[in-house]
>>> print(open('upload_24.txt').read())   # compact mmCIF, C-alpha atoms and all ligand atoms
# COMPACT_ATOMS: atom_id res chain seq x y z
CA MET A 1 0.00 0.00 0.00
CA SER A 2 1.40 3.42 -0.91
CA LEU A 3 1.83 6.07 1.76
CA PHE A 4 -1.04 8.02 0.25
CA ASP A 5 -3.32 4.96 0.41
CA LYS A 6 -2.39 4.57 4.07
CA PHE A 7 -3.46 8.16 4.71
CA LYS A 8 -6.72 7.62 2.83
CA LYS A 9 -7.47 4.47 4.80
CA GLY A 10 -6.36 5.94 8.12
CA LEU A 11 -8.47 9.06 7.70
CA ASN A 12 -11.56 7.20 6.57
CA LEU A 13 -13.77 8.14 9.53
CA SER A 14 -12.92 11.82 9.26
CA SER A 15 -13.14 11.94 5.50
CA SER A 16 -16.54 10.28 5.16
CA ASN A 17 -17.89 12.88 7.57
CA LEU A 18 -16.20 15.83 5.87
CA SER A 19 -16.77 14.99 2.26
CA SER A 20 -20.41 14.03 2.69
CA GLY A 21 -21.06 17.23 4.67
CA ILE A 22 -19.45 19.39 2.04
CA LYS A 23 -21.25 17.61 -0.77
CA ASN A 24 -24.55 18.29 1.01
CA ILE A 25 -23.82 21.97 1.45
CA PHE A 26 -22.68 22.65 -2.08
CA SER A 27 -24.86 20.30 -4.05
CA LYS A 28 -26.56 22.07 -6.94
CA LYS A 29 -26.86 25.32 -5.10
CA LYS A 30 -25.36 28.55 -6.25
CA ILE A 31 -22.76 29.67 -3.81
CA ASP A 32 -23.94 32.67 -1.81
CA GLN A 33 -23.33 34.04 1.66
CA THR A 34 -25.76 31.57 3.25
CA ILE A 35 -23.95 28.61 1.71
CA LEU A 36 -20.59 30.04 2.73
CA SER A 37 -21.80 30.49 6.31
CA GLN A 38 -23.08 26.92 6.36
CA PHE A 39 -19.69 25.85 5.04
CA GLU A 40 -17.91 27.75 7.81
CA ASP A 41 -20.19 26.30 10.52
CA PHE A 42 -19.69 22.83 9.16
CA LEU A 43 -15.90 23.20 9.20
CA ILE A 44 -16.07 24.36 12.81
CA SER A 45 -18.18 21.33 13.67
CA ALA A 46 -15.52 19.19 12.00
CA ASP A 47 -12.96 20.47 14.54
CA VAL A 48 -10.80 22.52 12.17
CA GLY A 49 -11.07 25.49 14.53
CA VAL A 50 -12.89 28.83 14.26
CA GLU A 51 -9.93 30.69 12.80
CA THR A 52 -9.18 28.16 10.07
CA ALA A 53 -12.86 27.77 9.20
CA ASN A 54 -13.15 31.52 8.80
CA GLU A 55 -9.98 31.70 6.73
CA LEU A 56 -11.23 28.95 4.42
CA LYS A 57 -14.59 30.62 4.04
CA LYS A 58 -12.88 33.87 3.07
CA GLU A 59 -10.73 32.06 0.53
CA PHE A 60 -13.89 30.80 -1.13
CA GLU A 61 -15.46 34.26 -1.00
CA LYS A 62 -12.44 35.64 -2.84
CA LEU A 63 -12.72 33.07 -5.59
CA LYS A 64 -14.83 33.96 -8.55
CA ILE A 65 -18.02 32.21 -7.67
CA ASP A 66 -19.02 30.98 -11.04
CA LYS A 67 -21.06 28.05 -12.22
CA SER A 68 -18.25 25.54 -11.99
CA LEU A 69 -18.00 26.11 -8.28
CA THR A 70 -21.49 24.78 -7.71
CA ASP A 71 -19.95 21.45 -8.46
CA SER A 72 -19.09 20.07 -5.02
CA LYS A 73 -16.22 18.00 -6.46
CA GLU A 74 -14.55 21.18 -7.60
CA VAL A 75 -15.08 22.75 -4.17
CA ILE A 76 -13.52 19.72 -2.51
CA LYS A 77 -10.48 19.88 -4.79
CA ILE A 78 -9.91 23.55 -4.07
CA LEU A 79 -10.44 22.96 -0.37
CA ALA A 80 -7.89 20.14 -0.32
CA LYS A 81 -5.33 22.38 -1.97
CA LYS A 82 -5.95 25.14 0.56
CA ILE A 83 -5.75 22.74 3.50
CA SER A 84 -2.54 21.32 2.12
CA ASN A 85 -1.10 24.85 1.88
CA ILE A 86 -2.06 25.57 5.48
CA LEU A 87 -0.45 22.37 6.74
CA SER A 88 2.68 22.12 4.63
CA PRO A 89 4.81 24.56 6.69
CA PHE A 90 4.42 22.14 9.58
CA GLU A 91 5.81 19.03 7.91
CA LYS A 92 8.99 17.90 9.63
CA ASP A 93 11.03 14.93 8.54
CA LEU A 94 11.58 12.36 11.30
CA LEU A 95 15.04 11.61 9.97
CA SER A 96 16.06 15.27 10.19
CA LEU A 97 15.82 14.93 13.97
CA ASN A 98 18.90 12.75 14.00
CA SER A 99 21.35 15.52 13.12
CA SER A 100 23.59 14.86 16.11
CA LYS A 101 24.70 11.58 17.54
CA PRO A 102 23.19 10.54 19.84
CA THR A 103 19.84 12.27 19.45
CA ILE A 104 18.02 12.15 22.75
CA ILE A 105 14.26 12.31 22.34
CA ILE A 106 11.83 12.73 25.22
CA VAL A 107 8.30 11.59 24.50
CA SER A 108 5.65 13.29 26.61
CA GLY A 109 1.89 13.64 26.77
CA VAL A 110 -1.01 12.89 29.11
CA ASN A 111 -1.81 9.31 29.96
CA GLY A 112 -3.33 7.09 27.34
CA VAL A 113 -2.54 9.26 24.31
CA GLY A 114 -0.26 6.61 22.85
CA LYS A 115 3.26 7.56 24.01
CA THR A 116 4.58 4.05 24.56
CA THR A 117 3.00 2.67 21.39
CA THR A 118 4.41 5.63 19.46
CA ILE A 119 7.89 4.95 20.83
CA GLY A 120 7.58 1.36 19.61
CA LYS A 121 6.51 2.54 16.17
CA LEU A 122 9.22 5.22 16.04
CA GLY A 123 11.70 2.53 16.98
CA LYS A 124 10.53 0.46 14.03
CA PHE A 125 10.78 3.48 11.73
CA TYR A 126 14.33 4.35 12.80
CA LYS A 127 15.43 0.72 12.63
CA ASP A 128 14.05 0.43 9.12
CA ASN A 129 16.11 3.50 8.31
CA LYS A 130 19.25 1.81 9.63
CA LYS A 131 19.54 3.85 12.80
CA SER A 132 20.84 2.34 16.02
CA LEU A 133 18.52 2.79 18.96
CA VAL A 134 17.89 2.51 22.65
CA PHE A 135 14.66 2.89 24.63
CA GLY A 136 14.52 4.46 28.08
CA ALA A 137 11.62 3.37 30.32
CA ALA A 138 11.33 6.59 32.32
CA ASP A 139 7.63 6.04 32.96
CA THR A 140 8.34 4.35 36.26
CA PHE A 141 4.90 5.22 37.59
CA ARG A 142 3.49 1.74 37.13
CA ALA A 143 4.93 -1.68 36.39
CA ALA A 144 2.78 -2.25 33.32
CA ALA A 145 4.31 0.80 31.62
CA ILE A 146 7.82 -0.64 31.83
CA GLU A 147 6.58 -4.06 30.68
CA GLN A 148 4.77 -2.51 27.74
CA LEU A 149 7.93 -0.80 26.51
CA GLU A 150 9.84 -4.01 27.12
CA LEU A 151 7.41 -5.88 24.86
CA TRP A 152 8.12 -3.36 22.12
CA SER A 153 11.84 -3.62 22.69
CA ASN A 154 11.64 -7.39 22.23
CA LYS A 155 9.34 -7.11 19.25
CA ILE A 156 11.62 -4.87 17.25
CA ASN A 157 14.86 -5.90 18.90
CA VAL A 158 15.95 -2.69 20.59
CA ASN A 159 17.86 -2.42 23.89
CA ILE A 160 15.98 -0.93 26.79
CA ILE A 161 17.25 0.89 29.88
CA LYS A 162 14.87 0.40 32.79
CA SER A 163 14.63 0.44 36.53
CA ASP A 164 12.14 -0.63 39.19
CA THR A 165 8.61 0.70 39.36
CA GLY A 166 8.54 3.82 41.50
CA SER A 167 12.21 4.62 40.94
CA ASP A 168 13.40 8.04 39.80
CA PRO A 169 12.49 8.73 36.14
CA ALA A 170 15.34 11.25 35.86
CA SER A 171 17.80 8.53 36.78
CA VAL A 172 16.47 6.26 34.00
CA ALA A 173 16.68 9.15 31.53
CA TYR A 174 20.25 9.84 32.66
CA LYS A 175 21.28 6.20 32.27
CA THR A 176 19.64 6.01 28.83
CA ALA A 177 21.44 9.10 27.53
CA THR A 178 24.77 7.98 29.00
CA TYR A 179 24.37 4.57 27.40
CA ALA A 180 23.51 6.16 24.03
CA LYS A 181 26.57 8.37 24.24
CA GLU A 182 28.97 5.64 25.29
CA LYS A 183 27.73 3.15 22.70
CA ASN A 184 27.59 5.77 19.97
CA ILE A 185 23.90 5.13 19.34
CA ASP A 186 21.92 7.24 16.86
CA VAL A 187 18.63 7.73 18.66
CA ALA A 188 17.43 7.31 22.25
CA LEU A 189 13.69 7.38 22.81
CA ILE A 190 12.64 8.08 26.38
CA ASP A 191 9.13 7.27 27.61
CA THR A 192 7.61 9.44 30.36
CA ALA A 193 4.62 9.12 32.64
CA GLY A 194 2.66 12.28 31.92
CA ARG A 195 0.47 11.51 34.89
CA MET A 196 0.95 13.28 38.17
CA GLN A 197 -1.28 14.39 40.98
CA ASN A 198 -0.91 17.96 39.83
CA LYS A 199 0.81 20.20 37.31
CA LYS A 200 3.47 21.34 39.76
CA ASN A 201 4.64 17.76 40.30
CA LEU A 202 4.62 17.09 36.59
CA MET A 203 6.61 20.22 35.94
CA ASP A 204 9.15 19.34 38.64
CA GLU A 205 9.48 15.85 37.23
CA TYR A 206 10.27 17.07 33.71
CA LYS A 207 12.57 19.77 35.08
CA LYS A 208 14.55 17.11 36.88
CA ILE A 209 14.75 14.94 33.74
CA PHE A 210 15.93 17.92 31.68
CA ASN A 211 18.47 18.99 34.31
CA VAL A 212 20.16 15.61 34.56
CA LEU A 213 20.28 15.25 30.78
CA LYS A 214 21.90 18.68 30.45
CA LYS A 215 24.62 17.54 32.81
CA ILE A 216 25.67 15.06 30.14
CA ASP A 217 25.30 17.49 27.25
CA GLN A 218 23.86 21.01 27.15
CA ASN A 219 21.92 20.07 24.00
CA PHE A 220 20.11 17.15 25.62
CA PRO A 221 17.33 16.40 25.12
CA ASN A 222 17.66 17.25 21.44
CA GLU A 223 13.94 16.84 20.89
CA THR A 224 10.84 16.77 23.05
CA ILE A 225 7.90 15.26 21.25
CA LEU A 226 4.40 15.85 22.57
CA VAL A 227 1.97 13.07 21.68
CA LEU A 228 -1.67 14.04 21.18
CA ASP A 229 -4.69 11.77 20.82
CA ALA A 230 -6.87 13.00 17.94
CA THR A 231 -9.97 11.33 19.39
CA THR A 232 -9.93 13.90 22.21
CA GLY A 233 -10.63 16.68 19.70
CA GLN A 234 -10.56 20.14 21.25
CA ASN A 235 -9.02 18.72 24.40
CA ALA A 236 -5.83 18.09 22.43
CA LEU A 237 -5.51 21.86 22.09
CA ASN A 238 -5.64 22.24 25.87
CA GLN A 239 -2.91 19.65 26.17
CA VAL A 240 -0.60 21.62 23.88
CA GLU A 241 -1.38 24.73 25.93
CA GLU A 242 -0.49 22.98 29.19
CA PHE A 243 2.58 21.10 28.02
CA THR A 244 4.18 24.08 26.31
CA LYS A 245 4.09 25.71 29.75
CA ILE A 246 5.70 22.66 31.34
CA HIS A 247 8.53 22.12 28.86
CA ASN A 248 9.76 23.13 25.46
CA VAL A 249 7.93 21.16 22.73
CA THR A 250 9.91 20.66 19.53
CA GLY A 251 7.36 18.61 17.61
CA LEU A 252 4.04 16.82 17.73
CA ILE A 253 2.83 13.35 16.90
CA ILE A 254 -0.91 12.95 16.54
CA THR A 255 -2.27 9.46 17.19
CA LYS A 256 -5.48 7.48 16.72
CA LEU A 257 -6.55 9.33 13.58
CA ASP A 258 -7.92 5.97 12.41
CA SER A 259 -10.48 5.88 15.21
CA THR A 260 -11.99 9.33 15.04
CA ALA A 261 -13.94 11.64 12.75
CA LYS A 262 -12.09 14.55 14.38
CA GLY A 263 -9.10 14.60 12.02
CA GLY A 264 -9.79 18.28 11.35
CA ILE A 265 -8.24 18.98 14.74
CA VAL A 266 -4.81 18.78 13.10
CA LEU A 267 -5.60 22.06 11.31
CA ALA A 268 -6.69 23.75 14.52
CA ILE A 269 -3.51 22.63 16.27
CA CYS A 270 -1.22 23.87 13.47
CA LYS A 271 -3.02 27.18 13.22
CA LYS A 272 -2.91 27.90 16.92
CA TYR A 273 0.44 26.54 18.02
CA LYS A 274 2.52 26.47 14.84
CA LEU A 275 4.45 23.42 15.96
CA PRO A 276 5.94 20.95 13.50
CA ILE A 277 4.16 17.64 13.06
CA LEU A 278 6.55 14.74 12.83
CA ALA A 279 4.20 11.86 12.26
CA VAL A 280 0.64 10.63 12.54
CA GLY A 281 -0.57 7.41 14.14
CA MET A 282 -3.22 5.52 12.23
CA GLY A 283 -3.49 2.18 13.99
CA GLU A 284 -2.00 0.08 16.76
CA ASN A 285 0.59 -1.87 14.81
CA GLU A 286 4.27 -1.14 14.40
CA THR A 287 3.83 -0.01 10.81
CA ASP A 288 0.91 2.32 11.58
CA LEU A 289 2.96 5.47 12.17
CA HIS A 290 3.52 7.60 9.11
CA PRO A 291 5.68 10.66 8.42
CA PHE A 292 3.38 13.65 8.24
CA ASN A 293 2.61 14.68 4.67
CA ALA A 294 0.40 17.76 4.26
CA GLU A 295 -0.79 16.98 0.74
CA TYR A 296 -1.66 13.37 1.51
CA PHE A 297 -3.32 14.43 4.72
CA ALA A 298 -5.47 17.06 2.99
CA LYS A 299 -6.45 14.76 0.14
CA GLY A 300 -7.06 11.86 2.51
CA LEU A 301 -9.27 14.07 4.64
CA LEU A 302 -11.45 14.80 1.63
CA GLN A 303 -11.45 11.40 -0.07
CA LEU A 304 -9.61 12.61 -3.13
CA ASN A 305 -7.44 10.42 -5.32
N1 LIG B 401 -6.35 2.98 16.91
C1 LIG B 401 -5.20 3.44 17.40
N2 LIG B 401 -4.85 3.13 18.65
C2 LIG B 401 -3.69 3.60 19.12
C3 LIG B 401 -2.83 4.43 18.34
N3 LIG B 401 -1.76 4.74 19.09
C4 LIG B 401 -1.94 4.15 20.29
N4 LIG B 401 -3.09 3.46 20.32
C5 LIG B 401 -3.67 2.69 21.43
O1 LIG B 401 -3.94 3.56 22.52
C6 LIG B 401 -3.80 2.86 23.75
C7 LIG B 401 -2.89 3.64 24.68
O2 LIG B 401 -1.58 3.63 24.14
P1 LIG B 401 -0.28 3.73 25.02
O3 LIG B 401 0.86 3.69 24.09
O4 LIG B 401 -0.31 2.75 26.11
O5 LIG B 401 -0.46 5.19 25.60
P2 LIG B 401 0.44 5.92 26.68
O6 LIG B 401 0.36 7.37 26.38
O7 LIG B 401 1.77 5.31 26.74
O8 LIG B 401 -0.38 5.60 28.00
P3 LIG B 401 0.13 5.66 29.52
O9 LIG B 401 1.46 4.98 29.59
O10 LIG B 401 -0.94 4.95 30.26
O11 LIG B 401 0.21 7.10 29.88
C8 LIG B 401 -3.28 1.49 23.40
O12 LIG B 401 -4.34 0.58 23.40
C9 LIG B 401 -2.71 1.67 21.99
O13 LIG B 401 -2.73 0.47 21.25
C10 LIG B 401 -3.25 4.75 16.99
O14 LIG B 401 -2.60 5.48 16.24
N5 LIG B 401 -4.43 4.22 16.60
MG MG B 402 2.83 4.50 28.28
>>> encode(input="upload_24.txt", output="structure tokens")
Amino acid sequence: MSLFDKFKKGLNLSSSNLSSGIKNIFSKKKIDQTILSQFEDFLISADVGVETANELKKEFEKLKIDKSLTDSKEVIKILAKKISNILSPFEKDLLSLNSSKPTIIIVSGVNGVGKTTTIGKLGKFYKDNKKSLVFGAADTFRAAAIEQLELWSNKINVNIIKSDTGSDPASVAYKTATYAKEKNIDVALIDTAGRMQNKKNLMDEYKKIFNVLKKIDQNFPNETILVLDATTGQNALNQVEEFTKIHNVTGLIITKLDSTAKGGIVLAICKKYKLPILAVGMGENETDLHPFNAEYFAKGLLQLN
């Protein structure tokens, strides 16, 4: 299956919602202000965000509204192009992250968004691209978290640095980065808990992880990826808001796009936070993480070929 086909398949729930809605609005009606307002409202309901919906509506207002535009297929094509243009500045190549050796990557996000699974999939991606790897199980909050990462490490044959449940996450992060440096490893992926009694604790925890890593190298961690669960829709925006206060976020990975009709949220996130998107998760398997591609995403979202 081509990468584009994977996007089409992965975005199926979102795209059937979007394309049928748009077809309904534009079918055989001449485009006027009422139609454009309906279009804007529909885009907002599809989670693209108020600002982006308004921008897209204005783009259509600017276009010469002639007969051909009453063809919903034409509208969808134009819309896909515009969405692709909005998203393309936020494409960031996963391989470009590995510009220094080792590249230490912290993976953060609230519980359940898919951090550990994403680390497994990223591991597979980097292995397939001939990079040497190590995992760090710095989510020491519960035993199952360490076991889950261990399962992935066995599955794709990657070394893992771990400690006992309840032990200091910063110490695991430190050991992982030291190991990566000593063994001359390309990429270290460090899992974190993202669950604390309160924000202050969470902030202190990350601060400690960052501080110990900087003792090894001022540039560590080289990347801090925030994982967001697309099924949470608008809530994902709140998570970016909160985490950017807690630590520097260098890129996003958006998961579970395969199990939601809220794929439009990606536009809202880009518009508001202007953070690069490294990859999108479209399933639970190791091969279900794909480099983010704005054109494929936009076309996939609108069921275009
Ligand atoms: N459908 C789908 N499921 C996903 C995707 N990514 C992760 N999941 C599932 O989401 C659930 C939670 O994933 P985890 O990787 O455990 O999430 P986490 O953020 O590490 O969770 P905690 O460690 O509990 O904080 C699992 O059942 C995963 O299989 C995805 O892209 N698509
Ligand atoms: Mg986890």
>>> closest_atom_pairs(input="upload_24.txt", of="chain A", to="ligand LIG 401 (chain B)", cutoff="8 Å", atoms="all atoms listed in the file", output="Markdown table")
| residue | atom | partner | partner_atom | distance |
| --- | --- | --- | --- | --- |
| A:Ser108 | CA | B:LIG401 | O6 | 7.9 |
| A:Gly109 | CA | B:LIG401 | O6 | 6.5 |
| A:Val110 | CA | B:LIG401 | O11 | 6.0 |
| A:Asn111 | CA | B:LIG401 | O11 | 3.0 |
| A:Gly112 | CA | B:LIG401 | O8 | 3.4 |
| A:Val113 | CA | B:LIG401 | O6 | 4.0 |
| A:Gly114 | CA | B:LIG401 | O5 | 3.1 |
| A:Lys115 | CA | B:LIG401 | O6 | 3.8 |
| A:Thr116 | CA | B:LIG401 | O3 | 3.8 |
| A:Thr117 | CA | B:LIG401 | O3 | 3.6 |
| A:Thr118 | CA | B:LIG401 | O3 | 6.1 |
| A:Ile119 | CA | B:LIG401 | O3 | 7.9 |
| A:Asp139 | CA | B:LIG401 | O9 | 7.1 |
| A:Ala145 | CA | B:LIG401 | O9 | 5.5 |
| A:Gln148 | CA | B:LIG401 | O4 | 7.5 |
| A:Asp191 | CA | B:LIG401 | O7 | 7.7 |
| A:Thr192 | CA | B:LIG401 | O9 | 7.6 |
| A:Ala193 | CA | B:LIG401 | O11 | 5.6 |
| A:Gly194 | CA | B:LIG401 | O11 | 6.1 |
| A:Arg195 | CA | B:LIG401 | O11 | 6.7 |
| A:Val227 | CA | B:LIG401 | O6 | 7.6 |
| A:Asp229 | CA | B:LIG401 | N3 | 7.8 |
| A:Ile254 | CA | B:LIG401 | O14 | 7.7 |
| A:Thr255 | CA | B:LIG401 | O14 | 4.1 |
| A:Lys256 | CA | B:LIG401 | N5 | 3.4 |
| A:Leu257 | CA | B:LIG401 | O14 | 6.1 |
| A:Asp258 | CA | B:LIG401 | N1 | 5.6 |
| A:Ser259 | CA | B:LIG401 | N1 | 5.3 |
| A:Val280 | CA | B:LIG401 | O14 | 7.1 |
| A:Gly281 | CA | B:LIG401 | O14 | 3.5 |
| A:Met282 | CA | B:LIG401 | O14 | 4.1 |
| A:Gly283 | CA | B:LIG401 | N5 | 3.4 |
| A:Glu284 | CA | B:LIG401 | C2 | 4.6 |
| A:Asn285 | CA | B:LIG401 | O13 | 7.6 |
| A:Asp288 | CA | B:LIG401 | O14 | 6.6 |
| A:Leu289 | CA | B:LIG401 | O14 | 6.9 |
>>> atom_distance(input="upload_24.txt", atom1="atom CA of Lys57 of chain A", atom2="atom CA of Leu304 of chain A")
20.0 Å
>>> residues_around(input="upload_24.txt", residues="Leu151 of chain A", least_positions_apart="2", cutoff="12 Å", atoms="only C-alpha atoms", output="ChimeraX atom specification")
/A:116-117,119-120,135,137,144-149,153-160,286
>>> write_last_selection(input="upload_24.txt", atoms="C-alpha atoms", output="compact mmCIF listing (two decimals), in the coordinates of the input")
# COMPACT_ATOMS: atom_id res chain seq x y z
CA THR A 116 4.58 4.05 24.56
CA THR A 117 3.00 2.67 21.39
CA ILE A 119 7.89 4.95 20.83
CA GLY A 120 7.58 1.36 19.61
CA PHE A 135 14.66 2.89 24.63
CA ALA A 137 11.62 3.37 30.32
CA ALA A 144 2.78 -2.25 33.32
CA ALA A 145 4.31 0.80 31.62
CA ILE A 146 7.82 -0.64 31.83
CA GLU A 147 6.58 -4.06 30.68
CA GLN A 148 4.77 -2.51 27.74
CA LEU A 149 7.93 -0.80 26.51
CA SER A 153 11.84 -3.62 22.69
CA ASN A 154 11.64 -7.39 22.23
CA LYS A 155 9.34 -7.11 19.25
CA ILE A 156 11.62 -4.87 17.25
CA ASN A 157 14.86 -5.90 18.90
CA VAL A 158 15.95 -2.69 20.59
CA ASN A 159 17.86 -2.42 23.89
CA ILE A 160 15.98 -0.93 26.79
CA GLU A 286 4.27 -1.14 14.40
>>> atom_distance(input="upload_24.txt", atom1="atom CA of Pro276 of chain A", atom2="atom CA of Leu252 of chain A")
6.2 Å
>>> axis_aligned_box(input="upload_24.txt", around="segment 263-280 of chain A", padding_each_side="8 Å", output="JSON")
{"center_x": -1.6, "center_y": 19.3, "center_z": 14.7, "size_x": 32.3, "size_y": 33.3, "size_z": 22.7}
>>> decode(input="upload_24.txt", residues="segment 162-174 of chain A", atoms="N, CA and C atoms", output="compact mmCIF listing (two decimals), in the first residue's frame")
# COMPACT_ATOMS: atom_id res chain seq x y z
N LYS A 162 16.04 0.33 31.89
CA LYS A 162 14.87 0.40 32.79
C LYS A 162 15.32 0.29 34.24
N SER A 163 14.37 0.57 35.10
CA SER A 163 14.63 0.44 36.53
C SER A 163 13.35 -0.08 37.19
N ASP A 164 13.33 -0.10 38.52
CA ASP A 164 12.14 -0.63 39.19
C ASP A 164 10.99 0.38 39.15
N THR A 165 9.78 -0.16 39.25
CA THR A 165 8.61 0.70 39.36
C THR A 165 8.79 1.62 40.57
N GLY A 166 8.44 2.88 40.39
CA GLY A 166 8.54 3.82 41.50
C GLY A 166 9.91 4.47 41.63
N SER A 167 10.87 4.01 40.84
CA SER A 167 12.21 4.62 40.94
C SER A 167 12.21 5.97 40.21
N ASP A 168 13.31 6.68 40.32
CA ASP A 168 13.40 8.04 39.80
C ASP A 168 13.48 8.08 38.26
N PRO A 169 12.48 8.67 37.61
CA PRO A 169 12.49 8.73 36.14
C PRO A 169 13.72 9.45 35.60
N ALA A 170 14.17 10.48 36.32
CA ALA A 170 15.34 11.25 35.86
C ALA A 170 16.58 10.35 35.82
N SER A 171 16.65 9.43 36.76
CA SER A 171 17.80 8.53 36.78
C SER A 171 17.78 7.59 35.57
N VAL A 172 16.59 7.12 35.20
CA VAL A 172 16.47 6.26 34.00
C VAL A 172 16.84 7.06 32.74
N ALA A 173 16.37 8.30 32.69
CA ALA A 173 16.68 9.15 31.53
C ALA A 173 18.19 9.36 31.44
N TYR A 174 18.80 9.62 32.59
CA TYR A 174 20.25 9.84 32.66
C TYR A 174 21.01 8.61 32.16
